[in-house]
Amino acid sequence: MKPPICDLCHNDFRCEYGHRGTGGGAVSFADFRALPEGAAGQAHGLEWFCDEHLASAKALSHLPHAVAMEQLRAEHGPFPEYPPLPALDPALWVIDVGPQPAKVFSVLRQATRLSPQEAKQRLAEGVFQVLGAWPAALEVWQQALVEAGATVEIRYPSSRNIQLFCR
Ligand SMILES: [Zn+2]
């Protein structure tokens with residue numbers, strides 16, 4: 001799941017939303033597809049909008065996301081690009097692969113979109129990040145990896161990163 005940042009104007013309302021559930025909301029568009037149960041990441045066609053643009057976005061939610069965004073940009077004007085975000089979600093790490101690397105490999109491939117080659121490379125590194133996501137989404141993979149014999153750890157973003165947006 002992406003953090004609550006307006007898809008149109010890039011207004012960042014993570015703090016308001018995180019503390020009070022205000023500042024904006026999510027809109028599912030006509031091409032919305034829910035994630036398979038337990039999968040981490042962002043559902044297709046589901047985007048955040050700040051309070052200022054939420055109503056306009058909802059009014060166009062019968063359209064596919066890309067079409068709605070074209071109309072919204074035409075209506076509200078272009079907005080500057082914003083720099084890539086620092087990692088703010090906790091991340092699941094494998095600390096030790098354990099005695100059954102083939103099982104860990106299989107879980108890693110299901111949890112991520114890594115190619116077999118990339119997954120092998122991570123396993124060879126021994127200590128590696130599996131994925132970053134909201135904690136509930138990590139739990140499934142954490143459990144699967146433990147069952148596969150791996151030692152795992154959830155690492156939280158540093159408070160420095162959090163202060164960047166909670167002003
Ligand atoms: Zn906005």
# chains A, B, ... in the order shown; residues from 1 in each chain; ligands from 1
$ closest_atom_pairs --of "chain A" --to "ligand 1" --cutoff "7 Å" --atoms "only C-alpha atoms and all ligand atoms" --output "CSV"
residue,atom,partner,partner_atom_place_in_ligand_line,distance
A:Cys6,CA,ligand 1,1 (Zn),4.6
A:Asp7,CA,ligand 1,1 (Zn),6.7
A:Leu8,CA,ligand 1,1 (Zn),5.2
A:Cys9,CA,ligand 1,1 (Zn),4.2
A:His10,CA,ligand 1,1 (Zn),6.0
A:Asn11,CA,ligand 1,1 (Zn),5.4
A:Phe49,CA,ligand 1,1 (Zn),5.4
A:Cys50,CA,ligand 1,1 (Zn),4.3
A:Asp51,CA,ligand 1,1 (Zn),6.7
A:Glu52,CA,ligand 1,1 (Zn),5.5
A:His53,CA,ligand 1,1 (Zn),4.7
$ select_by_dssp --residues "chain A" --states "strand (DSSP E or B)" --output "MDAnalysis selection string"
chainID A and resid 5 12 24:33 44:50 91:96 128:132 151:155
$ select_by_dssp --residues "region 59-124 of chain A" --states "alpha helix (DSSP H)" --output "MDAnalysis selection string"
chainID A and resid 59 65:76 101:111 116:124
$ residues_around --residues "Gly41 (chain A)" --least-positions-apart "3" --cutoff "9 Å" --atoms "only C-alpha atoms" --output "short mmCIF file (atom, residue, chain, number, x, y, z; two decimals) with N, CA and C atoms, in the first residue's frame"
data_model
loop_
_atom_site.label_atom_id
_atom_site.label_comp_id
_atom_site.auth_asym_id
_atom_site.auth_seq_id
_atom_site.Cartn_x
_atom_site.Cartn_y
_atom_site.Cartn_z
N MET A 1 0.85 -1.20 0.00
CA MET A 1 0.00 0.00 0.00
C MET A 1 0.88 1.24 0.00
N LYS A 2 0.56 2.15 -0.87
CA LYS A 2 1.30 3.41 -0.90
C LYS A 2 0.95 4.25 0.33
N LEU A 35 -5.97 -6.87 -4.41
CA LEU A 35 -4.80 -7.75 -4.33
C LEU A 35 -5.24 -9.12 -3.87
N GLY A 132 9.18 -4.50 1.61
CA GLY A 132 8.69 -3.50 2.55
C GLY A 132 7.20 -3.35 2.33
N ALA A 133 6.43 -3.30 3.41
CA ALA A 133 4.99 -3.17 3.29
C ALA A 133 4.43 -2.83 4.66
N TRP A 134 3.13 -2.61 4.71
CA TRP A 134 2.51 -2.38 5.99
C TRP A 134 2.59 -3.67 6.81
N ALA A 137 0.60 -6.87 6.13
CA ALA A 137 0.94 -7.55 4.88
C ALA A 137 2.23 -8.35 5.02
#
$ atom_distance --atom1 "CA of Ile5 (chain A)" --atom2 "CA of Ala40 (chain A)"
18.3 Å
$ residues_around --residues "Trp93 (chain A)" --least-positions-apart "2" --cutoff "8 Å" --atoms "only C-alpha atoms" --output "short mmCIF file (atom, residue, chain, number, x, y, z; two decimals) with C-alpha atoms, in the first residue's frame"
data_model
loop_
_atom_site.label_atom_id
_atom_site.label_comp_id
_atom_site.auth_asym_id
_atom_site.auth_seq_id
_atom_site.Cartn_x
_atom_site.Cartn_y
_atom_site.Cartn_z
CA ALA A 91 10.62 -4.24 5.91
CA ILE A 95 18.84 -12.95 8.51
CA VAL A 127 21.07 -11.50 4.68
CA PHE A 128 18.62 -9.62 2.48
CA GLN A 129 15.41 -7.61 2.43
CA VAL A 130 12.37 -9.54 1.22
CA LEU A 131 9.93 -6.66 0.90
CA VAL A 152 13.66 -13.42 9.85
CA GLU A 153 13.47 -9.96 11.32
CA ILE A 154 11.20 -6.98 10.75
CA ARG A 155 13.15 -3.76 10.50
#
$ residues_around --residues "Pro78 (chain A)" --least-positions-apart "2" --cutoff "12 Å" --atoms "only C-alpha atoms" --output "JSON, numbers by chain"
{"A": [7, 8, 9, 10, 69, 70, 71, 72, 73, 74, 75, 76, 80, 81]}
$ write_last_selection --atoms "all heavy atoms" --output "compact mmCIF listing (two decimals), in the first residue's frame"
# COMPACT_ATOMS: atom_id res chain seq x y z
N ASP A 7 -2.59 11.66 -5.23
CA ASP A 7 -2.10 11.21 -6.53
C ASP A 7 -2.06 12.36 -7.53
O ASP A 7 -1.33 12.32 -8.50
CB ASP A 7 -3.01 10.09 -7.04
CG ASP A 7 -2.38 9.34 -8.22
OD1 ASP A 7 -1.17 9.09 -8.17
OD2 ASP A 7 -3.10 9.02 -9.17
N LEU A 8 -2.85 13.40 -7.27
CA LEU A 8 -2.93 14.52 -8.21
C LEU A 8 -1.94 15.62 -7.85
O LEU A 8 -1.07 15.95 -8.64
CB LEU A 8 -4.36 15.06 -8.23
CG LEU A 8 -4.62 16.18 -9.23
CD1 LEU A 8 -4.36 15.73 -10.66
CD2 LEU A 8 -6.05 16.68 -9.10
N CYS A 9 -2.04 16.19 -6.64
CA CYS A 9 -1.20 17.34 -6.30
C CYS A 9 0.00 16.95 -5.45
O CYS A 9 0.84 17.77 -5.15
CB CYS A 9 -2.02 18.41 -5.58
SG CYS A 9 -2.51 17.93 -3.91
N HIS A 10 0.06 15.66 -5.04
CA HIS A 10 1.17 15.15 -4.24
C HIS A 10 1.22 15.75 -2.85
O HIS A 10 2.25 15.72 -2.19
CB HIS A 10 2.52 15.31 -4.96
CG HIS A 10 2.52 14.72 -6.34
ND1 HIS A 10 3.17 15.27 -7.39
CD2 HIS A 10 1.87 13.63 -6.82
CE1 HIS A 10 2.96 14.54 -8.48
NE2 HIS A 10 2.17 13.54 -8.15
N MET A 69 -7.26 10.46 -14.31
CA MET A 69 -6.14 11.34 -13.99
C MET A 69 -5.92 12.37 -15.08
O MET A 69 -5.61 13.51 -14.80
CB MET A 69 -4.85 10.53 -13.77
CG MET A 69 -4.82 9.74 -12.49
SD MET A 69 -5.29 10.67 -11.02
CE MET A 69 -3.87 11.76 -10.87
N GLU A 70 -6.09 11.97 -16.33
CA GLU A 70 -5.96 12.93 -17.44
C GLU A 70 -6.96 14.06 -17.27
O GLU A 70 -6.63 15.22 -17.43
CB GLU A 70 -6.22 12.23 -18.77
CG GLU A 70 -4.94 11.80 -19.47
CD GLU A 70 -5.24 11.00 -20.73
OE1 GLU A 70 -6.19 11.38 -21.45
OE2 GLU A 70 -4.53 10.00 -20.95
N GLN A 71 -8.20 13.69 -16.96
CA GLN A 71 -9.25 14.71 -16.79
C GLN A 71 -8.96 15.59 -15.57
O GLN A 71 -9.16 16.79 -15.63
CB GLN A 71 -10.61 14.03 -16.61
CG GLN A 71 -11.08 13.34 -17.88
CD GLN A 71 -12.58 13.10 -17.89
OE1 GLN A 71 -13.31 13.71 -17.11
NE2 GLN A 71 -13.04 12.24 -18.77
N LEU A 72 -8.52 14.97 -14.50
CA LEU A 72 -8.24 15.74 -13.28
C LEU A 72 -7.09 16.72 -13.51
O LEU A 72 -7.16 17.87 -13.07
CB LEU A 72 -7.89 14.79 -12.12
CG LEU A 72 -9.06 14.04 -11.50
CD1 LEU A 72 -8.57 12.93 -10.58
CD2 LEU A 72 -9.98 14.98 -10.74
N ARG A 73 -6.07 16.28 -14.24
CA ARG A 73 -4.94 17.17 -14.51
C ARG A 73 -5.36 18.31 -15.41
O ARG A 73 -4.94 19.44 -15.24
CB ARG A 73 -3.77 16.39 -15.13
CG ARG A 73 -3.05 15.53 -14.12
CD ARG A 73 -1.65 15.13 -14.55
NE ARG A 73 -1.17 14.08 -13.66
CZ ARG A 73 -1.22 12.77 -13.94
NH1 ARG A 73 -1.71 12.36 -15.09
NH2 ARG A 73 -0.78 11.89 -13.07
N ALA A 74 -6.22 17.99 -16.38
CA ALA A 74 -6.70 19.03 -17.30
C ALA A 74 -7.53 20.06 -16.53
O ALA A 74 -7.46 21.25 -16.80
CB ALA A 74 -7.52 18.39 -18.41
N GLU A 75 -8.29 19.57 -15.56
CA GLU A 75 -9.19 20.43 -14.80
C GLU A 75 -8.45 21.25 -13.75
O GLU A 75 -8.75 22.42 -13.53
CB GLU A 75 -10.23 19.52 -14.12
CG GLU A 75 -11.45 20.24 -13.57
CD GLU A 75 -12.38 19.24 -12.89
OE1 GLU A 75 -12.46 18.08 -13.36
OE2 GLU A 75 -12.99 19.62 -11.89
N HIS A 76 -7.49 20.63 -13.07
CA HIS A 76 -6.85 21.28 -11.92
C HIS A 76 -5.45 21.78 -12.22
O HIS A 76 -4.80 22.35 -11.37
CB HIS A 76 -6.79 20.31 -10.73
CG HIS A 76 -8.13 19.92 -10.23
ND1 HIS A 76 -8.84 20.68 -9.33
CD2 HIS A 76 -8.91 18.85 -10.53
CE1 HIS A 76 -10.00 20.07 -9.08
NE2 HIS A 76 -10.07 18.97 -9.80
N PRO A 80 3.77 19.96 -9.82
CA PRO A 80 5.18 19.56 -9.92
C PRO A 80 5.38 18.12 -9.49
O PRO A 80 4.64 17.61 -8.64
CB PRO A 80 5.89 20.53 -8.95
CG PRO A 80 4.82 21.06 -8.06
CD PRO A 80 3.53 20.98 -8.81
N GLU A 81 6.35 17.51 -10.07
CA GLU A 81 6.72 16.14 -9.66
C GLU A 81 7.28 16.20 -8.25
O GLU A 81 7.77 17.23 -7.81
CB GLU A 81 7.81 15.59 -10.59
CG GLU A 81 7.30 15.26 -11.98
CD GLU A 81 6.24 14.15 -11.97
OE1 GLU A 81 6.48 13.13 -11.30
OE2 GLU A 81 5.19 14.31 -12.60
$ closest_residue --among "A:Gln143, A:Thr22, A:Gln110, A:Ser28" --to "Ser61 (chain A)" --atoms "only C-alpha atoms"
A:Ser28
$ closest_residue --among "A:Pro3, A:Asp89, A:Ala43, A:Gly77" --to "Pro157 (chain A)" --atoms "only C-alpha atoms"
A:Asp89
$ atom_distance --atom1 "CA of Asp12 (chain A)" --atom2 "CA of Gly24 (chain A)"
9.6 Å
$ decode --residues "region 91-109 of chain A" --atoms "N, CA and C atoms" --output "mmCIF file, in the first residue's frame"
data_model
loop_
_atom_site.group_PDB
_atom_site.id
_atom_site.type_symbol
_atom_site.label_atom_id
_atom_site.label_comp_id
_atom_site.auth_asym_id
_atom_site.auth_seq_id
_atom_site.Cartn_x
_atom_site.Cartn_y
_atom_site.Cartn_z
ATOM 1 N N ALA A 91 10.200 -3.278 6.920
ATOM 2 C CA ALA A 91 10.624 -4.243 5.906
ATOM 3 C C ALA A 91 10.940 -5.579 6.561
ATOM 4 N N LEU A 92 10.636 -6.612 5.818
ATOM 5 C CA LEU A 92 10.907 -7.979 6.274
ATOM 6 C C LEU A 92 12.272 -8.411 5.742
ATOM 7 N N TRP A 93 13.124 -8.847 6.644
ATOM 8 C CA TRP A 93 14.483 -9.271 6.265
ATOM 9 C C TRP A 93 14.695 -10.738 6.603
ATOM 10 N N VAL A 94 15.420 -11.412 5.756
ATOM 11 C CA VAL A 94 15.906 -12.748 6.100
ATOM 12 C C VAL A 94 17.318 -12.575 6.643
ATOM 13 N N ILE A 95 17.532 -13.090 7.858
ATOM 14 C CA ILE A 95 18.839 -12.954 8.507
ATOM 15 C C ILE A 95 19.663 -14.219 8.275
ATOM 16 N N ASP A 96 18.933 -15.332 8.195
ATOM 17 C CA ASP A 96 19.617 -16.599 7.943
ATOM 18 C C ASP A 96 18.663 -17.496 7.157
ATOM 19 N N VAL A 97 19.141 -18.016 6.051
ATOM 20 C CA VAL A 97 18.278 -18.795 5.159
ATOM 21 C C VAL A 97 17.875 -20.130 5.785
ATOM 22 N N GLY A 98 18.761 -20.719 6.568
ATOM 23 C CA GLY A 98 18.433 -21.981 7.235
ATOM 24 C C GLY A 98 18.721 -23.192 6.362
ATOM 25 N N PRO A 99 18.247 -24.354 6.793
ATOM 26 C CA PRO A 99 18.640 -25.611 6.138
ATOM 27 C C PRO A 99 17.844 -25.947 4.865
ATOM 28 N N GLN A 100 16.811 -25.132 4.542
ATOM 29 C CA GLN A 100 15.988 -25.493 3.377
ATOM 30 C C GLN A 100 15.899 -24.339 2.383
ATOM 31 N N PRO A 101 17.017 -24.007 1.739
ATOM 32 C CA PRO A 101 17.024 -22.839 0.831
ATOM 33 C C PRO A 101 15.990 -22.943 -0.298
ATOM 34 N N ALA A 102 15.678 -24.162 -0.734
ATOM 35 C CA ALA A 102 14.713 -24.290 -1.833
ATOM 36 C C ALA A 102 13.326 -23.799 -1.400
ATOM 37 N N LYS A 103 12.966 -24.058 -0.140
ATOM 38 C CA LYS A 103 11.672 -23.596 0.370
ATOM 39 C C LYS A 103 11.662 -22.080 0.525
ATOM 40 N N VAL A 104 12.765 -21.543 1.015
ATOM 41 C CA VAL A 104 12.869 -20.092 1.181
ATOM 42 C C VAL A 104 12.791 -19.412 -0.189
ATOM 43 N N PHE A 105 13.462 -20.015 -1.143
ATOM 44 C CA PHE A 105 13.443 -19.526 -2.531
ATOM 45 C C PHE A 105 12.000 -19.447 -3.038
ATOM 46 N N SER A 106 11.247 -20.500 -2.781
ATOM 47 C CA SER A 106 9.866 -20.562 -3.248
ATOM 48 C C SER A 106 9.005 -19.469 -2.599
ATOM 49 N N VAL A 107 9.171 -19.244 -1.295
ATOM 50 C CA VAL A 107 8.411 -18.192 -0.609
ATOM 51 C C VAL A 107 8.819 -16.814 -1.144
ATOM 52 N N LEU A 108 10.121 -16.652 -1.324
ATOM 53 C CA LEU A 108 10.641 -15.373 -1.818
ATOM 54 C C LEU A 108 10.044 -15.035 -3.180
ATOM 55 N N ARG A 109 9.934 -16.035 -4.026
ATOM 56 C CA ARG A 109 9.368 -15.820 -5.364
ATOM 57 C C ARG A 109 7.886 -15.453 -5.284
#
